[in-house]
Structure formats: C-alpha cells, structure tokens
Amino acid sequence: MLDISNGKIVRVVALAREYGSDGVAVRNYISGLNADEQASLVAVMWVGRDSYEAEDIEDAKRTALAEATAPTEDYLGGEPQLADLLEGGMEALGLNVADEEDHLRG
C-alpha cells in the first residue's frame with residue numbers, strides 16, 4: 001500500500017510534463033511531501049523503471065527510506081523521464097491514471 005495519494009502522484013506527473021522533471025514547481029511540490037510520501041513516490045518510479053516488480057512495492061518503499069542520501073526532489077528531478085516512469089509505475093500497480101488526471105483537471 002502506498003503512503004501517498006494517487007492524486008499527489010498525478011500532480012507530480014502533471015508538473016513534470018509542464019515544467020520538466022527538474023523544474024522548480026516539481027522540486028517544490030516534492031519537497032513539501034512528508035518522508036513516507038516521498039519514499040512511496042520513489043518506489044512508484046522504480047516500479048515504472050522496472051527496478052522493482054509491482055508486488056515488491058513494500059520492499060521498494062523500505063529501500064527508498066533506508067537509502068535516501070540526497071533530497072528526494074534532487075533525486076527525482078534528475079530523472080528526465082519522471083512523468084512517464086511514474087505513470088508506468090501507477091499502471092503496473094493497477095492504479096487508474098486517467099481517472100486521477102480527469103479529477104486533477106476538474
């Protein structure tokens with residue numbers, strides 16, 4: 001189970017698409033998340049990158065918390081495909097990206 005709402009992940013996706021993954025808006029939003037939310041966001045990106053399988057999301061979250069050596073906004077901001085990887089991770093986890101995007105626009 002993720003410690004971040006689907007809406008917050010989709011917000012990062014939208015910001016990364018609009019401003020680039022290293023944009024100030026993306027970095028500020030990610031830095032405003034708590035540590036558990038940030039770890040979940042990293043874990044979803046790792047699933048999207050195929051570093052972890054969807055069923056290993058709990059291990060990915062634990063690893064993200066344990067191995068965080070740089071601010072999460074710096075780590076994720078350095079991933080040029082952040083939006084695509086987060087979307088891929090959400091889809092792999094069975095989360096409906098389109099519904100969340102529609103809600104975000106509404």
# chains A, B, ... in the order shown; residues from 1 in each chain; ligands from 1

$ select_by_dssp --residues "chain A" --states "helix (DSSP H, G or I)" --output "mmCIF file with N, CA and C atoms, in the first residue's frame"
data_model
loop_
_atom_site.group_PDB
_atom_site.id
_atom_site.type_symbol
_atom_site.label_atom_id
_atom_site.label_comp_id
_atom_site.auth_asym_id
_atom_site.auth_seq_id
_atom_site.Cartn_x
_atom_site.Cartn_y
_atom_site.Cartn_z
ATOM 1 N N ASN A 6 -3.029 8.832 -4.888
ATOM 2 C CA ASN A 6 -2.892 8.794 -6.346
ATOM 3 C C ASN A 6 -2.876 10.205 -6.914
ATOM 4 N N GLY A 7 -3.699 11.067 -6.341
ATOM 5 C CA GLY A 7 -3.773 12.445 -6.815
ATOM 6 C C GLY A 7 -2.447 13.181 -6.701
ATOM 7 N N LYS A 8 -1.697 12.926 -5.642
ATOM 8 C CA LYS A 8 -0.402 13.586 -5.473
ATOM 9 C C LYS A 8 0.610 13.074 -6.495
ATOM 10 N N ILE A 9 0.544 11.776 -6.795
ATOM 11 C CA ILE A 9 1.450 11.234 -7.815
ATOM 12 C C ILE A 9 1.128 11.868 -9.162
ATOM 13 N N VAL A 10 -0.163 11.932 -9.482
ATOM 14 C CA VAL A 10 -0.575 12.519 -10.758
ATOM 15 C C VAL A 10 -0.213 14.005 -10.806
ATOM 16 N N ARG A 11 -0.254 14.683 -9.681
ATOM 17 C CA ARG A 11 0.161 16.102 -9.634
ATOM 18 C C ARG A 11 1.631 16.210 -10.020
ATOM 19 N N VAL A 12 2.474 15.318 -9.509
ATOM 20 C CA VAL A 12 3.896 15.320 -9.877
ATOM 21 C C VAL A 12 4.044 15.047 -11.366
ATOM 22 N N VAL A 13 3.277 14.090 -11.883
ATOM 23 C CA VAL A 13 3.314 13.785 -13.320
ATOM 24 C C VAL A 13 2.971 15.041 -14.122
ATOM 25 N N ALA A 14 1.894 15.703 -13.748
ATOM 26 C CA ALA A 14 1.453 16.896 -14.479
ATOM 27 C C ALA A 14 2.492 18.010 -14.408
ATOM 28 N N LEU A 15 3.045 18.232 -13.235
ATOM 29 C CA LEU A 15 4.068 19.274 -13.079
ATOM 30 C C LEU A 15 5.317 18.935 -13.884
ATOM 31 N N ALA A 16 5.717 17.660 -13.869
ATOM 32 C CA ALA A 16 6.907 17.243 -14.617
ATOM 33 C C ALA A 16 6.691 17.400 -16.119
ATOM 34 N N ARG A 17 5.484 17.129 -16.580
ATOM 35 C CA ARG A 17 5.193 17.304 -18.008
ATOM 36 C C ARG A 17 5.212 18.786 -18.397
ATOM 37 N N GLU A 18 4.695 19.617 -17.505
ATOM 38 C CA GLU A 18 4.598 21.046 -17.819
ATOM 39 C C GLU A 18 5.923 21.783 -17.651
ATOM 40 N N TYR A 19 6.652 21.471 -16.593
ATOM 41 C CA TYR A 19 7.852 22.241 -16.258
ATOM 42 C C TYR A 19 9.157 21.463 -16.387
ATOM 43 N N VAL A 24 11.380 23.991 -10.989
ATOM 44 C CA VAL A 24 11.205 24.485 -9.622
ATOM 45 C C VAL A 24 9.867 24.031 -9.044
ATOM 46 N N ALA A 25 8.807 24.066 -9.850
ATOM 47 C CA ALA A 25 7.484 23.668 -9.356
ATOM 48 C C ALA A 25 7.481 22.204 -8.922
ATOM 49 N N VAL A 26 8.137 21.357 -9.682
ATOM 50 C CA VAL A 26 8.213 19.926 -9.339
ATOM 51 C C VAL A 26 9.010 19.750 -8.059
ATOM 52 N N ARG A 27 10.162 20.380 -8.000
ATOM 53 C CA ARG A 27 11.021 20.250 -6.823
ATOM 54 C C ARG A 27 10.324 20.766 -5.559
ATOM 55 N N ASN A 28 9.664 21.906 -5.673
ATOM 56 C CA ASN A 28 8.966 22.467 -4.515
ATOM 57 C C ASN A 28 7.840 21.555 -4.046
ATOM 58 N N TYR A 29 7.093 20.999 -4.996
ATOM 59 C CA TYR A 29 5.990 20.119 -4.625
ATOM 60 C C TYR A 29 6.518 18.870 -3.916
ATOM 61 N N ILE A 30 7.539 18.248 -4.490
ATOM 62 C CA ILE A 30 8.100 17.026 -3.893
ATOM 63 C C ILE A 30 8.699 17.327 -2.519
ATOM 64 N N SER A 31 9.376 18.457 -2.383
ATOM 65 C CA SER A 31 9.990 18.777 -1.087
ATOM 66 C C SER A 31 8.936 19.028 -0.010
ATOM 67 N N ALA A 35 8.173 12.341 4.466
ATOM 68 C CA ALA A 35 9.157 11.309 4.112
ATOM 69 C C ALA A 35 8.506 10.040 3.571
ATOM 70 N N ASP A 36 7.385 9.627 4.148
ATOM 71 C CA ASP A 36 6.708 8.423 3.666
ATOM 72 C C ASP A 36 6.130 8.640 2.273
ATOM 73 N N GLU A 37 5.570 9.825 2.029
ATOM 74 C CA GLU A 37 5.054 10.131 0.696
ATOM 75 C C GLU A 37 6.182 10.152 -0.328
ATOM 76 N N GLN A 38 7.301 10.746 0.038
ATOM 77 C CA GLN A 38 8.442 10.792 -0.870
ATOM 78 C C GLN A 38 8.960 9.390 -1.176
ATOM 79 N N ALA A 39 9.037 8.542 -0.170
ATOM 80 C CA ALA A 39 9.507 7.166 -0.380
ATOM 81 C C ALA A 39 8.554 6.410 -1.296
ATOM 82 N N SER A 40 7.268 6.611 -1.117
ATOM 83 C CA SER A 40 6.288 5.959 -1.993
ATOM 84 C C SER A 40 6.415 6.461 -3.419
ATOM 85 N N LEU A 41 6.654 7.749 -3.581
ATOM 86 C CA LEU A 41 6.823 8.323 -4.918
ATOM 87 C C LEU A 41 8.043 7.712 -5.610
ATOM 88 N N VAL A 42 9.140 7.602 -4.886
ATOM 89 C CA VAL A 42 10.345 6.967 -5.434
ATOM 90 C C VAL A 42 10.051 5.516 -5.792
ATOM 91 N N ALA A 43 9.349 4.814 -4.910
ATOM 92 C CA ALA A 43 9.029 3.402 -5.155
ATOM 93 C C ALA A 43 8.185 3.236 -6.419
ATOM 94 N N VAL A 44 7.209 4.116 -6.619
ATOM 95 C CA VAL A 44 6.380 4.047 -7.830
ATOM 96 C C VAL A 44 7.250 4.281 -9.063
ATOM 97 N N MET A 45 8.170 5.228 -8.984
ATOM 98 C CA MET A 45 9.069 5.485 -10.110
ATOM 99 C C MET A 45 9.929 4.258 -10.384
ATOM 100 N N TRP A 46 10.420 3.598 -9.340
ATOM 101 C CA TRP A 46 11.235 2.393 -9.518
ATOM 102 C C TRP A 46 10.439 1.273 -10.172
ATOM 103 N N VAL A 47 9.174 1.134 -9.802
ATOM 104 C CA VAL A 47 8.326 0.129 -10.444
ATOM 105 C C VAL A 47 8.164 0.478 -11.929
ATOM 106 N N GLY A 48 7.954 1.742 -12.217
ATOM 107 C CA GLY A 48 7.829 2.179 -13.606
ATOM 108 C C GLY A 48 9.104 1.979 -14.404
ATOM 109 N N ALA A 54 5.729 -4.798 -9.329
ATOM 110 C CA ALA A 54 4.624 -4.193 -8.583
ATOM 111 C C ALA A 54 4.383 -4.894 -7.243
ATOM 112 N N GLU A 55 4.518 -6.214 -7.224
ATOM 113 C CA GLU A 55 4.270 -6.942 -5.975
ATOM 114 C C GLU A 55 5.356 -6.710 -4.924
ATOM 115 N N ASP A 56 6.443 -6.077 -5.308
ATOM 116 C CA ASP A 56 7.537 -5.770 -4.378
ATOM 117 C C ASP A 56 7.532 -4.312 -3.925
ATOM 118 N N ILE A 57 6.386 -3.654 -4.030
ATOM 119 C CA ILE A 57 6.302 -2.224 -3.714
ATOM 120 C C ILE A 57 6.693 -1.937 -2.264
ATOM 121 N N GLU A 58 6.360 -2.826 -1.339
ATOM 122 C CA GLU A 58 6.722 -2.603 0.072
ATOM 123 C C GLU A 58 8.244 -2.614 0.241
ATOM 124 N N ASP A 59 8.915 -3.539 -0.429
ATOM 125 C CA ASP A 59 10.385 -3.568 -0.393
ATOM 126 C C ASP A 59 10.957 -2.298 -1.006
ATOM 127 N N ALA A 60 10.364 -1.842 -2.084
ATOM 128 C CA ALA A 60 10.841 -0.621 -2.743
ATOM 129 C C ALA A 60 10.700 0.574 -1.813
ATOM 130 N N LYS A 61 9.582 0.670 -1.107
ATOM 131 C CA LYS A 61 9.381 1.787 -0.171
ATOM 132 C C LYS A 61 10.410 1.745 0.957
ATOM 133 N N ARG A 62 10.631 0.547 1.505
ATOM 134 C CA ARG A 62 11.619 0.409 2.592
ATOM 135 C C ARG A 62 13.011 0.807 2.102
ATOM 136 N N THR A 63 13.357 0.365 0.909
ATOM 137 C CA THR A 63 14.661 0.701 0.345
ATOM 138 C C THR A 63 14.779 2.199 0.113
ATOM 139 N N ALA A 64 13.725 2.810 -0.396
ATOM 140 C CA ALA A 64 13.749 4.256 -0.646
ATOM 141 C C ALA A 64 13.976 5.031 0.656
ATOM 142 N N LEU A 65 13.332 4.600 1.729
ATOM 143 C CA LEU A 65 13.529 5.262 3.025
ATOM 144 C C LEU A 65 14.938 5.034 3.556
ATOM 145 N N ALA A 66 15.401 3.800 3.453
ATOM 146 C CA ALA A 66 16.693 3.432 4.039
ATOM 147 C C ALA A 66 17.871 4.013 3.272
ATOM 148 N N THR A 72 14.923 14.053 -1.955
ATOM 149 C CA THR A 72 14.129 13.333 -2.950
ATOM 150 C C THR A 72 13.877 14.185 -4.182
ATOM 151 N N GLU A 73 13.665 15.471 -3.985
ATOM 152 C CA GLU A 73 13.417 16.350 -5.141
ATOM 153 C C GLU A 73 14.633 16.422 -6.067
ATOM 154 N N ASP A 74 15.837 16.290 -5.497
ATOM 155 C CA ASP A 74 17.044 16.261 -6.332
ATOM 156 C C ASP A 74 17.146 14.934 -7.075
ATOM 157 N N TYR A 75 16.873 13.843 -6.363
ATOM 158 C CA TYR A 75 16.954 12.519 -6.968
ATOM 159 C C TYR A 75 15.947 12.384 -8.112
ATOM 160 N N LEU A 76 14.696 12.679 -7.839
ATOM 161 C CA LEU A 76 13.670 12.544 -8.868
ATOM 162 C C LEU A 76 13.809 13.611 -9.951
ATOM 163 N N GLY A 77 14.259 14.792 -9.572
ATOM 164 C CA GLY A 77 14.457 15.864 -10.548
ATOM 165 C C GLY A 77 15.530 15.529 -11.569
ATOM 166 N N LEU A 82 10.748 11.201 -15.666
ATOM 167 C CA LEU A 82 9.998 11.052 -14.422
ATOM 168 C C LEU A 82 8.504 10.852 -14.661
ATOM 169 N N ALA A 83 7.889 11.694 -15.459
ATOM 170 C CA ALA A 83 6.442 11.607 -15.677
ATOM 171 C C ALA A 83 6.060 10.251 -16.257
ATOM 172 N N ASP A 84 6.774 9.813 -17.277
ATOM 173 C CA ASP A 84 6.474 8.521 -17.906
ATOM 174 C C ASP A 84 6.688 7.366 -16.933
ATOM 175 N N LEU A 85 7.746 7.429 -16.144
ATOM 176 C CA LEU A 85 8.037 6.347 -15.200
ATOM 177 C C LEU A 85 7.002 6.282 -14.086
ATOM 178 N N LEU A 86 6.549 7.433 -13.606
ATOM 179 C CA LEU A 86 5.506 7.430 -12.585
ATOM 180 C C LEU A 86 4.198 6.879 -13.155
ATOM 181 N N GLU A 87 3.852 7.277 -14.358
ATOM 182 C CA GLU A 87 2.640 6.741 -14.983
ATOM 183 C C GLU A 87 2.752 5.227 -15.168
ATOM 184 N N GLY A 88 3.904 4.777 -15.638
ATOM 185 C CA GLY A 88 4.120 3.347 -15.812
ATOM 186 C C GLY A 88 4.031 2.593 -14.501
ATOM 187 N N GLY A 89 4.582 3.180 -13.453
ATOM 188 C CA GLY A 89 4.507 2.562 -12.137
ATOM 189 C C GLY A 89 3.087 2.475 -11.625
ATOM 190 N N MET A 90 2.322 3.546 -11.812
ATOM 191 C CA MET A 90 0.924 3.527 -11.393
ATOM 192 C C MET A 90 0.148 2.452 -12.146
ATOM 193 N N GLU A 91 0.360 2.380 -13.434
ATOM 194 C CA GLU A 91 -0.339 1.374 -14.231
ATOM 195 C C GLU A 91 0.038 -0.036 -13.789
ATOM 196 N N ALA A 92 1.325 -0.266 -13.530
ATOM 197 C CA ALA A 92 1.773 -1.580 -13.081
ATOM 198 C C ALA A 92 1.148 -1.950 -11.734
ATOM 199 N N VAL A 97 -4.629 5.890 -13.842
ATOM 200 C CA VAL A 97 -4.013 7.190 -14.087
ATOM 201 C C VAL A 97 -5.009 8.150 -14.726
ATOM 202 N N ALA A 98 -5.764 7.687 -15.700
ATOM 203 C CA ALA A 98 -6.693 8.557 -16.439
ATOM 204 C C ALA A 98 -7.742 9.157 -15.514
ATOM 205 N N ASP A 99 -8.301 8.360 -14.607
ATOM 206 C CA ASP A 99 -9.306 8.886 -13.686
ATOM 207 C C ASP A 99 -8.722 9.975 -12.804
ATOM 208 N N GLU A 100 -7.516 9.767 -12.321
ATOM 209 C CA GLU A 100 -6.872 10.766 -11.478
ATOM 210 C C GLU A 100 -6.560 12.038 -12.273
ATOM 211 N N GLU A 101 -6.139 11.887 -13.524
ATOM 212 C CA GLU A 101 -5.865 13.061 -14.352
ATOM 213 C C GLU A 101 -7.138 13.851 -14.585
ATOM 214 N N ASP A 102 -8.246 13.152 -14.830
ATOM 215 C CA ASP A 102 -9.530 13.835 -15.021
ATOM 216 C C ASP A 102 -9.929 14.584 -13.755
ATOM 217 N N HIS A 103 -9.721 13.953 -12.597
ATOM 218 C CA HIS A 103 -10.043 14.590 -11.320
ATOM 219 C C HIS A 103 -9.164 15.835 -11.097
ATOM 220 N N LEU A 104 -7.913 15.733 -11.485
ATOM 221 C CA LEU A 104 -6.978 16.846 -11.310
ATOM 222 C C LEU A 104 -7.416 18.046 -12.140
ATOM 223 N N ARG A 105 -7.896 17.777 -13.347
ATOM 224 C CA ARG A 105 -8.354 18.847 -14.232
ATOM 225 C C ARG A 105 -9.673 19.466 -13.781
#

$ atom_distance --atom1 "atom CA of Ala68 of chain A" --atom2 "atom CA of Leu95 of chain A"
25.1 Å
